[in-house]
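Colleague: Next comes the structure file protein06.txt, holding compact mmCIF, C-alpha atoms and all ligand atoms.
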```txt
# COMPACT_ATOMS: atom_id res chain seq x y z
CA MET A 20 -31.87 -242.04 -159.53
CA THR A 21 -31.21 -240.50 -156.17
CA PHE A 22 -33.17 -240.53 -152.94
CA ASP A 23 -30.99 -237.90 -151.32
CA LEU A 24 -32.01 -234.33 -150.73
CA THR A 25 -29.57 -231.61 -151.78
CA PRO A 26 -27.51 -230.07 -148.94
CA GLU A 27 -29.77 -226.98 -149.14
CA GLN A 28 -32.92 -229.10 -148.91
CA ASP A 29 -31.39 -230.98 -145.96
CA GLN A 30 -30.69 -227.69 -144.22
CA LEU A 31 -34.23 -226.51 -144.92
CA ARG A 32 -35.64 -229.74 -143.46
CA ASP A 33 -33.55 -229.41 -140.28
CA ALA A 34 -34.38 -225.73 -139.85
CA VAL A 35 -38.14 -226.20 -140.36
CA ARG A 36 -38.11 -229.20 -138.02
CA ALA A 37 -36.41 -227.06 -135.35
CA LEU A 38 -38.99 -224.29 -135.79
CA GLY A 39 -41.90 -226.74 -135.65
CA ARG A 40 -40.56 -228.43 -132.53
CA ARG A 41 -40.15 -225.08 -130.80
CA TYR A 42 -43.91 -224.59 -131.15
CA GLY A 43 -45.03 -228.24 -131.09
CA HIS A 44 -48.40 -229.97 -130.93
CA PRO A 45 -49.45 -228.50 -127.53
CA TYR A 46 -49.23 -225.01 -129.10
CA PHE A 47 -51.33 -226.15 -132.10
CA VAL A 48 -53.95 -227.72 -129.82
CA ALA A 49 -54.08 -224.75 -127.43
CA LYS A 50 -54.68 -222.39 -130.36
CA ALA A 51 -57.41 -224.63 -131.75
CA LYS A 52 -59.16 -225.04 -128.41
CA SER A 53 -59.14 -221.30 -127.68
CA GLY A 54 -60.39 -220.41 -131.16
CA GLN A 55 -57.18 -218.64 -132.08
CA HIS A 56 -54.88 -218.91 -135.07
CA THR A 57 -51.24 -219.97 -135.28
CA THR A 58 -50.28 -216.35 -135.95
CA GLU A 59 -46.85 -216.45 -134.28
CA LEU A 60 -45.77 -219.65 -136.05
CA TRP A 61 -47.00 -218.35 -139.42
CA ALA A 62 -45.22 -215.01 -138.95
CA GLU A 63 -41.95 -216.63 -137.91
CA ALA A 64 -42.09 -219.15 -140.77
CA GLY A 65 -42.64 -216.19 -143.12
CA GLN A 66 -39.76 -214.17 -141.72
CA LEU A 67 -37.44 -217.17 -142.02
CA GLY A 68 -38.43 -217.58 -145.68
CA TYR A 69 -40.19 -220.93 -145.33
CA LEU A 70 -43.57 -219.76 -146.65
CA GLY A 71 -42.00 -218.44 -149.83
CA VAL A 72 -39.57 -221.25 -150.65
CA ASN A 73 -41.38 -221.94 -153.95
CA ILE A 74 -41.74 -218.28 -154.98
CA PRO A 75 -39.17 -216.78 -157.40
CA THR A 76 -36.43 -214.69 -155.80
CA GLU A 77 -37.38 -211.55 -157.78
CA TYR A 78 -40.65 -211.51 -155.82
CA GLY A 79 -39.00 -212.06 -152.45
CA GLY A 80 -39.15 -215.86 -152.39
CA GLY A 81 -36.55 -218.59 -152.07
CA GLY A 82 -36.55 -219.57 -155.73
CA GLY A 83 -37.15 -223.26 -155.02
CA GLY A 84 -39.99 -225.51 -156.08
CA ILE A 85 -42.78 -227.67 -154.73
CA THR A 86 -40.13 -230.09 -153.43
CA GLU A 87 -39.04 -227.39 -150.97
CA LEU A 88 -42.60 -226.42 -150.05
CA ALA A 89 -43.46 -230.08 -149.47
CA ILE A 90 -40.50 -230.27 -147.07
CA VAL A 91 -41.91 -227.30 -145.13
CA CYS A 92 -45.41 -228.86 -144.99
CA GLU A 93 -44.10 -232.27 -143.94
CA GLU A 94 -41.72 -231.06 -141.26
CA LEU A 95 -44.21 -228.71 -139.59
CA ALA A 96 -46.76 -231.54 -139.56
CA ALA A 97 -44.14 -233.98 -138.24
CA ALA A 98 -43.65 -231.55 -135.36
CA GLY A 99 -47.39 -231.68 -134.64
CA CYS A 100 -48.33 -228.48 -136.50
CA PRO A 101 -50.13 -229.47 -139.72
CA LEU A 102 -50.99 -226.07 -141.23
CA LEU A 103 -53.69 -226.42 -143.86
CA LEU A 104 -53.20 -222.84 -145.03
CA LEU A 105 -49.77 -223.81 -146.40
CA VAL A 106 -51.67 -225.79 -148.99
CA VAL A 107 -53.99 -222.97 -150.04
CA SER A 108 -51.83 -219.86 -149.76
CA PRO A 109 -48.23 -220.67 -150.85
CA ALA A 110 -49.03 -223.89 -152.75
CA ILE A 111 -52.21 -223.05 -154.69
CA ALA A 112 -52.47 -219.24 -154.73
CA ALA A 113 -48.76 -218.46 -155.20
CA THR A 114 -48.41 -221.06 -157.96
CA VAL A 115 -51.50 -219.85 -159.82
CA ILE A 116 -50.45 -216.20 -159.63
CA ASN A 117 -46.84 -216.93 -160.52
CA ARG A 118 -47.66 -219.14 -163.48
CA HIS A 119 -50.78 -217.46 -164.85
CA GLY A 120 -51.19 -214.05 -163.20
CA THR A 121 -50.24 -210.75 -164.82
CA GLU A 122 -46.93 -209.13 -163.95
CA GLU A 123 -48.86 -206.56 -161.94
CA GLN A 124 -50.58 -209.38 -159.95
CA ARG A 125 -47.23 -211.06 -159.29
CA LYS A 126 -45.78 -207.82 -157.95
CA ARG A 127 -48.89 -207.10 -155.88
CA HIS A 128 -49.25 -210.50 -154.23
CA LEU A 129 -46.13 -212.67 -154.36
CA PRO A 130 -43.89 -210.67 -151.97
CA GLY A 131 -46.63 -210.70 -149.30
CA LEU A 132 -47.28 -214.41 -149.79
CA ALA A 133 -43.53 -215.04 -149.51
CA ASP A 134 -43.07 -213.24 -146.19
CA GLY A 135 -46.43 -214.39 -144.81
CA SER A 136 -47.93 -210.90 -144.49
CA GLN A 137 -50.57 -211.84 -147.10
CA LYS A 138 -52.75 -214.93 -147.09
CA ILE A 139 -54.86 -215.91 -150.07
CA VAL A 140 -57.33 -218.75 -149.61
CA PHE A 141 -58.98 -220.79 -152.34
CA ALA A 142 -62.68 -221.20 -153.07
CA ILE A 143 -63.81 -223.79 -155.59
CA THR A 144 -66.19 -226.13 -153.71
CA GLU A 145 -69.91 -225.36 -153.93
CA PRO A 146 -72.89 -226.95 -152.18
CA GLU A 147 -74.55 -228.04 -155.42
CA ALA A 148 -71.41 -229.01 -157.36
CA GLY A 149 -69.25 -230.89 -154.80
CA SER A 150 -66.63 -233.06 -156.50
CA ASN A 151 -68.01 -232.15 -159.92
CA PHE A 152 -66.50 -228.78 -160.68
CA HIS A 153 -68.10 -228.79 -164.14
CA ARG A 154 -71.31 -227.88 -162.29
CA LEU A 155 -69.92 -224.72 -160.70
CA GLY A 156 -72.71 -222.19 -160.32
CA THR A 157 -70.77 -219.11 -159.22
CA VAL A 158 -71.08 -216.75 -162.15
CA ALA A 159 -68.97 -213.77 -163.21
CA ARG A 160 -70.70 -211.15 -165.37
CA ARG A 161 -69.08 -208.15 -166.98
CA ASP A 162 -70.06 -204.88 -165.32
CA GLY A 163 -68.57 -201.86 -167.06
CA ASP A 164 -64.81 -202.34 -166.87
CA GLY A 165 -65.12 -204.79 -163.97
CA TRP A 166 -66.97 -207.94 -162.94
CA LEU A 167 -69.94 -208.88 -160.79
CA LEU A 168 -69.65 -212.23 -159.00
CA SER A 169 -72.60 -214.17 -157.58
CA GLY A 170 -72.76 -217.60 -156.01
CA ARG A 171 -72.07 -219.73 -152.95
CA LYS A 172 -68.99 -221.61 -151.82
CA CYS A 173 -68.62 -224.09 -148.96
CA TYR A 174 -65.91 -225.53 -146.69
CA ILE A 175 -63.58 -222.66 -147.58
CA SER A 176 -60.62 -222.77 -145.19
CA GLY A 177 -59.07 -219.75 -143.53
CA VAL A 178 -61.29 -216.96 -144.90
CA ASP A 179 -61.16 -215.22 -141.51
CA GLU A 180 -57.35 -215.07 -141.70
CA ALA A 181 -56.98 -214.09 -145.33
CA ASP A 182 -56.98 -210.77 -147.14
CA HIS A 183 -58.02 -212.31 -150.49
CA VAL A 184 -59.97 -215.32 -151.71
CA LEU A 185 -59.05 -216.86 -155.03
CA VAL A 186 -62.57 -217.54 -156.31
CA VAL A 187 -63.26 -220.00 -159.10
CA ALA A 188 -66.26 -218.78 -161.09
CA ARG A 189 -67.61 -219.39 -164.55
CA THR A 190 -68.27 -216.88 -167.23
CA GLU A 191 -70.02 -216.94 -170.54
CA ASP A 192 -67.63 -217.49 -173.38
CA THR A 193 -68.93 -215.10 -176.02
CA GLY A 194 -67.19 -217.10 -178.78
CA THR A 195 -68.86 -220.47 -178.21
CA GLY A 196 -71.73 -219.68 -175.87
CA LYS A 197 -70.27 -222.29 -173.47
CA LEU A 198 -69.41 -221.56 -169.88
CA LYS A 199 -65.76 -221.64 -168.86
CA PRO A 200 -63.90 -221.15 -165.58
CA ALA A 201 -62.26 -217.90 -164.56
CA LEU A 202 -60.31 -217.15 -161.38
CA PHE A 203 -60.69 -213.90 -159.44
CA LEU A 204 -58.67 -212.37 -156.64
CA VAL A 205 -61.41 -211.10 -154.34
CA PRO A 206 -60.58 -209.01 -151.25
CA THR A 207 -62.20 -210.57 -148.16
CA ASP A 208 -63.58 -207.17 -147.07
CA VAL A 209 -65.31 -206.33 -150.37
CA ALA A 210 -69.00 -205.35 -150.30
CA GLY A 211 -71.36 -208.25 -151.01
CA LEU A 212 -69.03 -210.99 -149.71
CA THR A 213 -70.31 -212.51 -146.48
CA ARG A 214 -69.41 -215.67 -144.62
CA SER A 215 -70.61 -217.96 -141.89
CA GLU A 216 -68.39 -220.36 -140.02
CA LEU A 217 -69.14 -224.07 -140.30
CA ASP A 218 -69.13 -226.25 -137.20
CA MET A 219 -66.54 -228.89 -138.09
CA GLU A 220 -65.47 -231.92 -136.01
CA ILE A 221 -61.80 -231.19 -136.62
CA LEU A 222 -59.51 -229.84 -133.92
CA SER A 223 -57.72 -227.15 -135.86
CA PRO A 224 -56.81 -223.48 -135.52
CA GLU A 225 -57.95 -223.09 -139.14
CA ASN A 226 -61.68 -222.81 -139.78
CA GLN A 227 -64.03 -223.61 -142.66
CA PHE A 228 -66.68 -221.23 -143.99
CA LEU A 229 -69.69 -220.89 -146.19
CA LEU A 230 -69.14 -217.92 -148.51
CA TYR A 231 -71.94 -215.93 -150.10
CA LEU A 232 -71.16 -213.73 -153.08
CA ASP A 233 -74.03 -211.35 -153.78
CA ASP A 234 -73.16 -209.17 -156.76
CA VAL A 235 -69.61 -208.71 -155.52
CA ARG A 236 -68.03 -206.05 -157.72
CA VAL A 237 -64.35 -206.43 -158.50
CA PRO A 238 -62.22 -204.43 -160.93
CA ALA A 239 -60.97 -205.82 -164.24
CA ASP A 240 -57.53 -206.58 -162.79
CA ALA A 241 -59.05 -209.01 -160.26
CA LEU A 242 -59.30 -211.55 -163.08
CA VAL A 243 -56.24 -213.82 -162.89
CA GLY A 244 -54.25 -213.54 -166.10
CA GLU A 245 -54.37 -211.33 -169.16
CA SER A 246 -57.63 -212.76 -170.52
CA LEU A 247 -60.40 -215.27 -169.87
CA ASP A 248 -58.32 -217.91 -171.63
CA ALA A 249 -56.03 -218.03 -168.57
CA GLY A 250 -58.84 -219.52 -166.45
CA LEU A 251 -58.63 -223.23 -167.23
CA PRO A 252 -54.81 -223.53 -167.21
CA ALA A 253 -54.68 -221.39 -164.05
CA LEU A 254 -57.15 -223.69 -162.31
CA PHE A 255 -55.18 -226.79 -163.31
CA ALA A 256 -51.89 -225.14 -162.29
CA GLY A 257 -53.01 -225.15 -158.67
CA LEU A 258 -54.03 -228.81 -158.54
CA ASN A 259 -50.65 -230.57 -158.57
CA PRO A 260 -49.09 -228.35 -155.88
CA GLU A 261 -52.26 -228.79 -153.81
CA ARG A 262 -52.15 -232.59 -153.98
CA ILE A 263 -48.41 -232.82 -153.36
CA THR A 264 -48.35 -230.47 -150.36
CA VAL A 265 -51.46 -231.94 -148.76
CA ALA A 266 -49.84 -235.37 -149.16
CA ALA A 267 -46.69 -234.05 -147.49
CA MET A 268 -48.78 -232.75 -144.62
CA GLY A 269 -50.37 -236.20 -144.28
CA ALA A 270 -47.00 -237.96 -144.30
CA GLY A 271 -45.68 -235.55 -141.67
CA THR A 272 -48.74 -236.14 -139.49
CA GLY A 273 -48.26 -239.89 -139.86
CA ARG A 274 -44.61 -239.59 -138.80
CA TYR A 275 -45.61 -237.49 -135.81
CA ALA A 276 -48.19 -240.04 -134.64
CA ILE A 277 -45.86 -243.02 -135.09
CA GLU A 278 -43.08 -241.24 -133.19
CA ARG A 279 -45.40 -240.41 -130.26
CA ALA A 280 -46.70 -243.98 -130.19
CA SER A 281 -43.27 -245.62 -130.47
CA GLU A 282 -41.89 -243.56 -127.58
CA TYR A 283 -44.83 -244.70 -125.46
CA THR A 284 -44.86 -248.39 -126.36
CA ALA A 285 -41.09 -248.70 -125.90
CA THR A 286 -41.36 -247.63 -122.26
CA ARG A 287 -44.84 -248.63 -121.08
CA LYS A 288 -44.79 -251.86 -119.01
CA VAL A 289 -47.88 -253.67 -117.81
CA TRP A 290 -46.76 -257.35 -117.96
CA GLY A 291 -43.70 -257.55 -115.76
CA GLY A 292 -40.39 -256.37 -117.19
CA ARG A 293 -41.16 -256.14 -120.91
CA SER A 294 -42.47 -253.08 -122.68
CA ILE A 295 -45.82 -253.36 -124.47
CA GLY A 296 -43.88 -252.68 -127.69
CA SER A 297 -42.21 -256.09 -127.30
CA HIS A 298 -45.58 -257.68 -128.09
CA GLN A 299 -46.03 -258.02 -131.82
CA GLY A 300 -49.74 -257.32 -131.51
CA VAL A 301 -48.63 -253.80 -130.58
CA SER A 302 -45.45 -253.34 -132.62
CA HIS A 303 -46.61 -254.82 -135.94
CA PRO A 304 -49.50 -252.39 -136.51
CA LEU A 305 -47.08 -249.55 -135.78
CA ALA A 306 -44.46 -251.01 -138.12
CA HIS A 307 -47.13 -251.51 -140.80
CA ALA A 308 -48.19 -247.86 -140.49
CA ALA A 309 -44.53 -246.79 -140.70
CA VAL A 310 -44.15 -248.74 -143.97
CA GLN A 311 -47.26 -247.07 -145.42
CA VAL A 312 -46.05 -243.60 -144.45
CA GLU A 313 -42.61 -244.23 -145.93
CA LEU A 314 -44.14 -245.50 -149.20
CA ALA A 315 -46.27 -242.36 -149.39
CA ARG A 316 -43.17 -240.20 -148.82
CA LEU A 317 -41.45 -241.88 -151.77
CA MET A 318 -44.40 -241.09 -154.02
CA ILE A 319 -44.48 -237.48 -152.77
CA GLN A 320 -40.79 -237.14 -153.62
CA LYS A 321 -41.42 -238.53 -157.09
CA ALA A 322 -44.42 -236.25 -157.70
CA ALA A 323 -42.58 -233.14 -156.50
CA THR A 324 -39.51 -233.97 -158.60
CA LEU A 325 -41.65 -234.45 -161.73
CA TYR A 326 -43.57 -231.25 -161.04
CA ASP A 327 -40.42 -229.19 -160.52
CA ALA A 328 -39.03 -230.63 -163.77
CA GLY A 329 -42.06 -229.23 -165.59
CA ARG A 330 -43.48 -232.69 -166.33
CA ASP A 331 -47.02 -231.69 -165.34
CA LEU A 332 -48.94 -234.66 -166.75
CA GLU A 333 -46.74 -237.27 -165.07
CA ALA A 334 -46.76 -235.15 -161.90
CA GLY A 335 -50.57 -235.25 -162.06
CA VAL A 336 -50.61 -239.05 -161.88
CA ALA A 337 -47.89 -239.22 -159.21
CA GLY A 338 -49.40 -236.34 -157.22
CA ASN A 339 -52.81 -237.98 -157.11
CA MET A 340 -51.28 -241.32 -156.10
CA ALA A 341 -49.16 -239.57 -153.44
CA LYS A 342 -52.23 -237.80 -152.07
CA TYR A 343 -54.18 -241.06 -151.93
CA ALA A 344 -51.33 -242.98 -150.29
CA ALA A 345 -50.53 -240.26 -147.77
CA GLY A 346 -54.19 -239.74 -146.85
CA GLU A 347 -54.63 -243.43 -146.12
CA ALA A 348 -51.28 -243.73 -144.34
CA ALA A 349 -51.91 -240.72 -142.10
CA ALA A 350 -55.35 -241.99 -141.07
CA LEU A 351 -53.90 -245.45 -140.37
CA ALA A 352 -50.94 -244.04 -138.41
CA VAL A 353 -53.05 -241.80 -136.17
CA ASP A 354 -55.66 -244.50 -135.55
CA THR A 355 -52.94 -247.04 -134.75
CA ALA A 356 -51.20 -244.58 -132.44
CA VAL A 357 -54.43 -244.01 -130.52
CA GLN A 358 -54.94 -247.78 -130.19
CA VAL A 359 -51.45 -248.65 -128.95
CA LEU A 360 -51.55 -245.86 -126.38
CA GLY A 361 -54.69 -247.35 -124.86
CA GLY A 362 -56.56 -244.90 -122.64
CA ALA A 363 -53.71 -242.41 -122.95
CA GLY A 364 -54.43 -242.37 -126.67
CA MET A 365 -57.71 -240.62 -126.04
CA THR A 366 -56.27 -237.91 -123.79
CA THR A 367 -55.32 -234.45 -124.98
CA GLU A 368 -52.00 -234.75 -123.15
CA TYR A 369 -50.59 -237.48 -125.39
CA GLY A 370 -51.54 -235.53 -128.49
CA VAL A 371 -52.64 -238.18 -130.97
CA ALA A 372 -56.46 -238.35 -130.78
CA THR A 373 -56.34 -234.58 -131.35
CA LEU A 374 -55.47 -235.40 -134.98
CA LEU A 375 -58.26 -237.91 -135.68
CA GLY A 376 -60.57 -235.37 -137.30
CA ALA A 377 -57.83 -233.84 -139.42
CA VAL A 378 -56.59 -237.13 -140.85
CA ARG A 379 -60.15 -238.30 -141.49
CA ALA A 380 -60.77 -235.10 -143.46
CA GLY A 381 -57.54 -235.79 -145.36
CA ARG A 382 -59.26 -238.74 -147.05
CA ILE A 383 -62.02 -236.42 -148.31
CA ALA A 384 -60.34 -233.09 -149.04
CA PRO A 385 -59.10 -231.45 -151.15
CA VAL A 386 -59.95 -234.34 -153.46
CA SER A 387 -61.59 -237.49 -152.13
CA ARG A 388 -59.99 -240.91 -152.31
CA GLU A 389 -62.81 -242.05 -154.62
CA MET A 390 -62.19 -239.24 -157.11
CA ILE A 391 -58.49 -240.16 -157.14
CA LEU A 392 -59.38 -243.80 -157.81
CA ASN A 393 -61.62 -242.58 -160.64
CA PHE A 394 -58.70 -240.57 -162.04
CA VAL A 395 -56.32 -243.54 -161.86
CA ALA A 396 -58.91 -245.93 -163.33
CA GLN A 397 -59.51 -243.63 -166.31
CA HIS A 398 -56.11 -242.09 -166.98
CA VAL A 399 -53.78 -244.92 -165.97
CA LEU A 400 -55.91 -248.02 -166.54
CA GLY A 401 -57.89 -246.73 -169.52
CA GLN A 402 -61.30 -247.46 -167.99
CA GLU A 403 -64.50 -245.88 -169.21
CA LYS A 404 -65.91 -242.97 -167.21
CA SER A 405 -69.26 -243.69 -165.55
CA TYR A 406 -70.19 -240.20 -164.41
C1 LIG B 501 -61.42 -229.74 -143.70
C2 LIG B 501 -61.83 -229.35 -145.08
C3 LIG B 501 -61.27 -228.25 -145.67
C4 LIG B 501 -61.65 -227.84 -146.96
N1 LIG B 501 -61.11 -226.70 -147.49
C5 LIG B 501 -61.53 -226.29 -148.72
C6 LIG B 501 -61.03 -225.06 -149.26
O1 LIG B 501 -60.22 -224.34 -148.64
N2 LIG B 501 -61.50 -224.66 -150.48
C7 LIG B 501 -62.39 -225.41 -151.19
O2 LIG B 501 -62.76 -224.99 -152.29
N3 LIG B 501 -62.88 -226.58 -150.70
C8 LIG B 501 -62.47 -227.03 -149.48
N4 LIG B 501 -62.96 -228.22 -148.96
C9 LIG B 501 -63.95 -228.98 -149.72
C10 LIG B 501 -63.41 -230.30 -150.28
O3 LIG B 501 -62.55 -230.05 -151.33
C11 LIG B 501 -64.65 -231.14 -150.66
O4 LIG B 501 -65.28 -231.52 -149.46
C12 LIG B 501 -64.27 -232.35 -151.48
O5 LIG B 501 -63.81 -231.96 -152.74
C13 LIG B 501 -65.50 -233.29 -151.68
O6 LIG B 501 -66.60 -232.58 -152.13
P1 LIG B 501 -68.01 -232.76 -151.37
O7 LIG B 501 -67.74 -232.55 -149.92
O8 LIG B 501 -69.01 -231.86 -152.00
O9 LIG B 501 -68.40 -234.25 -151.57
P2 LIG B 501 -69.36 -234.87 -152.71
O10 LIG B 501 -68.88 -234.47 -154.06
O11 LIG B 501 -70.78 -234.60 -152.35
O12 LIG B 501 -69.06 -236.41 -152.53
C14 LIG B 501 -69.57 -237.16 -151.42
C15 LIG B 501 -68.96 -238.55 -151.47
O13 LIG B 501 -69.28 -239.19 -152.71
C16 LIG B 501 -68.11 -239.59 -153.39
N5 LIG B 501 -68.28 -239.40 -154.82
C17 LIG B 501 -68.75 -238.29 -155.47
N6 LIG B 501 -68.74 -238.49 -156.79
C18 LIG B 501 -68.24 -239.73 -157.02
C19 LIG B 501 -67.96 -240.51 -158.17
N7 LIG B 501 -68.17 -240.06 -159.40
N8 LIG B 501 -67.43 -241.75 -157.99
C20 LIG B 501 -67.17 -242.23 -156.76
N9 LIG B 501 -67.41 -241.54 -155.62
C21 LIG B 501 -67.93 -240.31 -155.75
C22 LIG B 501 -67.00 -238.69 -152.84
O14 LIG B 501 -65.74 -239.29 -152.97
C23 LIG B 501 -67.44 -238.54 -151.39
O15 LIG B 501 -66.97 -239.62 -150.63
C24 LIG B 501 -62.60 -228.62 -147.67
C25 LIG B 501 -63.16 -229.74 -147.07
C26 LIG B 501 -62.81 -230.12 -145.79
C27 LIG B 501 -63.43 -231.34 -145.17
```
For this file, produce the structure as structure tokens.

Modeller:
Amino acid sequence: MTFDLTPEQDQLRDAVRALGRRYGHPYFVAKAKSGQHTTELWAEAGQLGYLGVNIPTEYGGGGGGITELAIVCEELAAAGCPLLLLVVSPAIAATVINRHGTEEQRKRHLPGLADGSQKIVFAITEPEAGSNFHRLGTVARRDGDGWLLSGRKCYISGVDEADHVLVVARTEDTGTGKLKPALFLVPTDVAGLTRSELDMEILSPENQFLLYLDDVRVPADALVGESLDAGLPALFAGLNPERITVAAMGAGTGRYAIERASEYTATRKVWGGRSIGSHQGVSHPLAHAAVQVELARLMIQKAATLYDAGRDLEAGVAGNMAKYAAGEAAALAVDTAVQVLGGAGMTTEYGVATLLGAVRAGRIAPVSREMILNFVAQHVLGQEKSY
């Protein structure tokens, strides 16, 4: 057992940290407040190869795994730039296309995902289905040699920045008469696809949308994979990378908040000569949050290692646990940071309250803490399913 990164992973961590710090949280906040995107940071991360670390080298990527992508997510977040689109574009979309797409789809999309010139977002959630994806109502019907897609999706992140949406639909299985999932690469400018932006209480340069698909016609090669049978494994292929990278983003955000708070409490003096951090009522909550973040990081490392070793089932358990732990730890760390900074904690200048919405959302999306507890109760503890 080793807890050390390889020299290459260490270098990646240092380089991403340096990039993130060059932009920093004030950049992230300024973009969010002015309704702009983090275009410059994304482009530079792409040029430096950080967005494609998990994409095979023959498609222009770095040839690494989810361990490397988790490092990128964590370090950018630890620098105050938690980029949600890292989770949907390189983690979910690139993994799904690489593992289950056709060779033509790999060639068409992976190089652009690797250098950041393409963004593919992910649309599974629906107003009527929510956490229960078995109730998906977006339907794909054959139309000549192509497909017609109809349905509604909600909370879809980054549609305004992306050139494609990876849409999860269902289609009639002619063999059994049952409905089964199929994934489609849908251009964001295709006729029949419209969107409206949701007002969210999250300070972020990345936005969420309602998507309406009204008889959206896509060609046969928009279907991910060689046949409809690719749908279910393709959908599951995206889940572990999603959970692991979103957990890494949470751990990075937690580190960022604890670092800001520790700097402040070590120097702020309001009772004579001692810093407020000398009082255990201030330092213990911070230390407690630091322990929780570090525990989450260990679980992320375990999940990423298992995933990269091809041990998908074990990675599923560890990835869900990592996501749960990191979501809770990030929310605790940011809330604690706000508290120990006092009034300064609520200002934009000190840059911690700016993350409250994001870390709160991290306990709900992309999979809620309750659905993870359900998963653990059933698959680890052998409990009966109630729903
Ligand atoms: C910031 C943000 C970004 C997002 N980005 C995307 C995106 O890019 N693409 C995408 O497809 N989706 C996205 N989502 C959607 C997200 O994945 C869903 O919000 C999440 O899966 C929960 O679904 P829901 O909101 O419909 O909640 P519901 O399913 O309605 O659940 C509501 C509450 O009930 C609980 N609950 C439901 N069922 C059970 C049960 N059986 N047992 C115990 N508790 C239960 C849930 O845990 C939750 O607390 C995003 C959401 C947010 C907030």

Colleague: Point out the residue among A:Val106, A:Leu70, A:Ala159, A:Ile175 with the least atom-to-atom distance to A:Leu132, counting only C-alpha atoms.

Modeller: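 Of the candidates, the smallest distance to A:Leu132 is held by A:Leu70.
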
Colleague: Distance atom CA of A:Phe255-atom CA of A:Ala112, one decimal place?

Modeller: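 Atom CA of A:Phe255 sits 11.7 Å away from atom CA of A:Ala112.
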
Colleague: Using only C-alpha atoms and all ligand atoms, determine which residues fall within 7 Å of ligand LIG 501 (chain B), then list them as a PDB file with C-alpha atoms, in the coordinates of the input.

Modeller:
```
ATOM      1  CA  VAL A 107     -53.990-222.970-150.040  1.00  0.00           C
ATOM      2  CA  VAL A 140     -57.330-218.750-149.610  1.00  0.00           C
ATOM      3  CA  PHE A 141     -58.980-220.790-152.340  1.00  0.00           C
ATOM      4  CA  ALA A 142     -62.680-221.200-153.070  1.00  0.00           C
ATOM      5  CA  ILE A 143     -63.810-223.790-155.590  1.00  0.00           C
ATOM      6  CA  THR A 144     -66.190-226.130-153.710  1.00  0.00           C
ATOM      7  CA  GLU A 145     -69.910-225.360-153.930  1.00  0.00           C
ATOM      8  CA  PRO A 146     -72.890-226.950-152.180  1.00  0.00           C
ATOM      9  CA  ALA A 148     -71.410-229.010-157.360  1.00  0.00           C
ATOM     10  CA  GLY A 149     -69.250-230.890-154.800  1.00  0.00           C
ATOM     11  CA  SER A 150     -66.630-233.060-156.500  1.00  0.00           C
ATOM     12  CA  ASN A 151     -68.010-232.150-159.920  1.00  0.00           C
ATOM     13  CA  CYS A 173     -68.620-224.090-148.960  1.00  0.00           C
ATOM     14  CA  TYR A 174     -65.910-225.530-146.690  1.00  0.00           C
ATOM     15  CA  ILE A 175     -63.580-222.660-147.580  1.00  0.00           C
ATOM     16  CA  SER A 176     -60.620-222.770-145.190  1.00  0.00           C
ATOM     17  CA  GLY A 177     -59.070-219.750-143.530  1.00  0.00           C
ATOM     18  CA  GLN A 227     -64.030-223.610-142.660  1.00  0.00           C
ATOM     19  CA  ALA A 377     -57.830-233.840-139.420  1.00  0.00           C
ATOM     20  CA  ALA A 380     -60.770-235.100-143.460  1.00  0.00           C
ATOM     21  CA  ILE A 383     -62.020-236.420-148.310  1.00  0.00           C
ATOM     22  CA  ALA A 384     -60.340-233.090-149.040  1.00  0.00           C
ATOM     23  CA  PRO A 385     -59.100-231.450-151.150  1.00  0.00           C
ATOM     24  CA  VAL A 386     -59.950-234.340-153.460  1.00  0.00           C
ATOM     25  CA  SER A 387     -61.590-237.490-152.130  1.00  0.00           C
ATOM     26  CA  ARG A 388     -59.990-240.910-152.310  1.00  0.00           C
ATOM     27  CA  GLU A 389     -62.810-242.050-154.620  1.00  0.00           C
ATOM     28  CA  MET A 390     -62.190-239.240-157.110  1.00  0.00           C
ATOM     29  CA  ASN A 393     -61.620-242.580-160.640  1.00  0.00           C
ATOM     30  CA  TYR A 406     -70.190-240.200-164.410  1.00  0.00           C
TER      31      TYR A 406
END
```

Colleague: Just the residues within 10 Å of A:Arg171, please, counting only C-alpha atoms, with nothing from its chain fewer than 4 positions along; format it as a ChimeraX atom specification.

Modeller: /A:142-147,155-158,212-214,229-233

Colleague: Name the residues within 7 Å of (-44.6, -213.3, -144.4), counting all atoms listed in the file in the file's coordinates, and put them as number ranges by chain.

Modeller: A: 62, 65-66, 70, 131-137

Colleague: Only C-alpha atoms, please: the residues just picked out, written as a JSON list (two decimals), in the coordinates of the input.

Modeller:
```
[["chain", "number", "residue", "atom", "x", "y", "z"],
["A", 62, "ALA", "CA", -45.22, -215.01, -138.95],
["A", 65, "GLY", "CA", -42.64, -216.19, -143.12],
["A", 66, "GLN", "CA", -39.76, -214.17, -141.72],
["A", 70, "LEU", "CA", -43.57, -219.76, -146.65],
["A", 131, "GLY", "CA", -46.63, -210.70, -149.30],
["A", 132, "LEU", "CA", -47.28, -214.41, -149.79],
["A", 133, "ALA", "CA", -43.53, -215.04, -149.51],
["A", 134, "ASP", "CA", -43.07, -213.24, -146.19],
["A", 135, "GLY", "CA", -46.43, -214.39, -144.81],
["A", 136, "SER", "CA", -47.93, -210.90, -144.49],
["A", 137, "GLN", "CA", -50.57, -211.84, -147.10]]
```

Colleague: Name all residues at most 9 Å from stretch 46-57 of chain A (count all atoms listed in the file; drop same-chain ones fewer than 4 positions away) and give them as a list in words.

Modeller: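 Residues meeting the cut-off are Tyr42, Trp61, Ala62, Gly99, Cys100, Pro101, Leu102, Glu180, Leu222, Ser223, Pro224, Glu225, Thr367, Gly370 and Thr373 of chain A.
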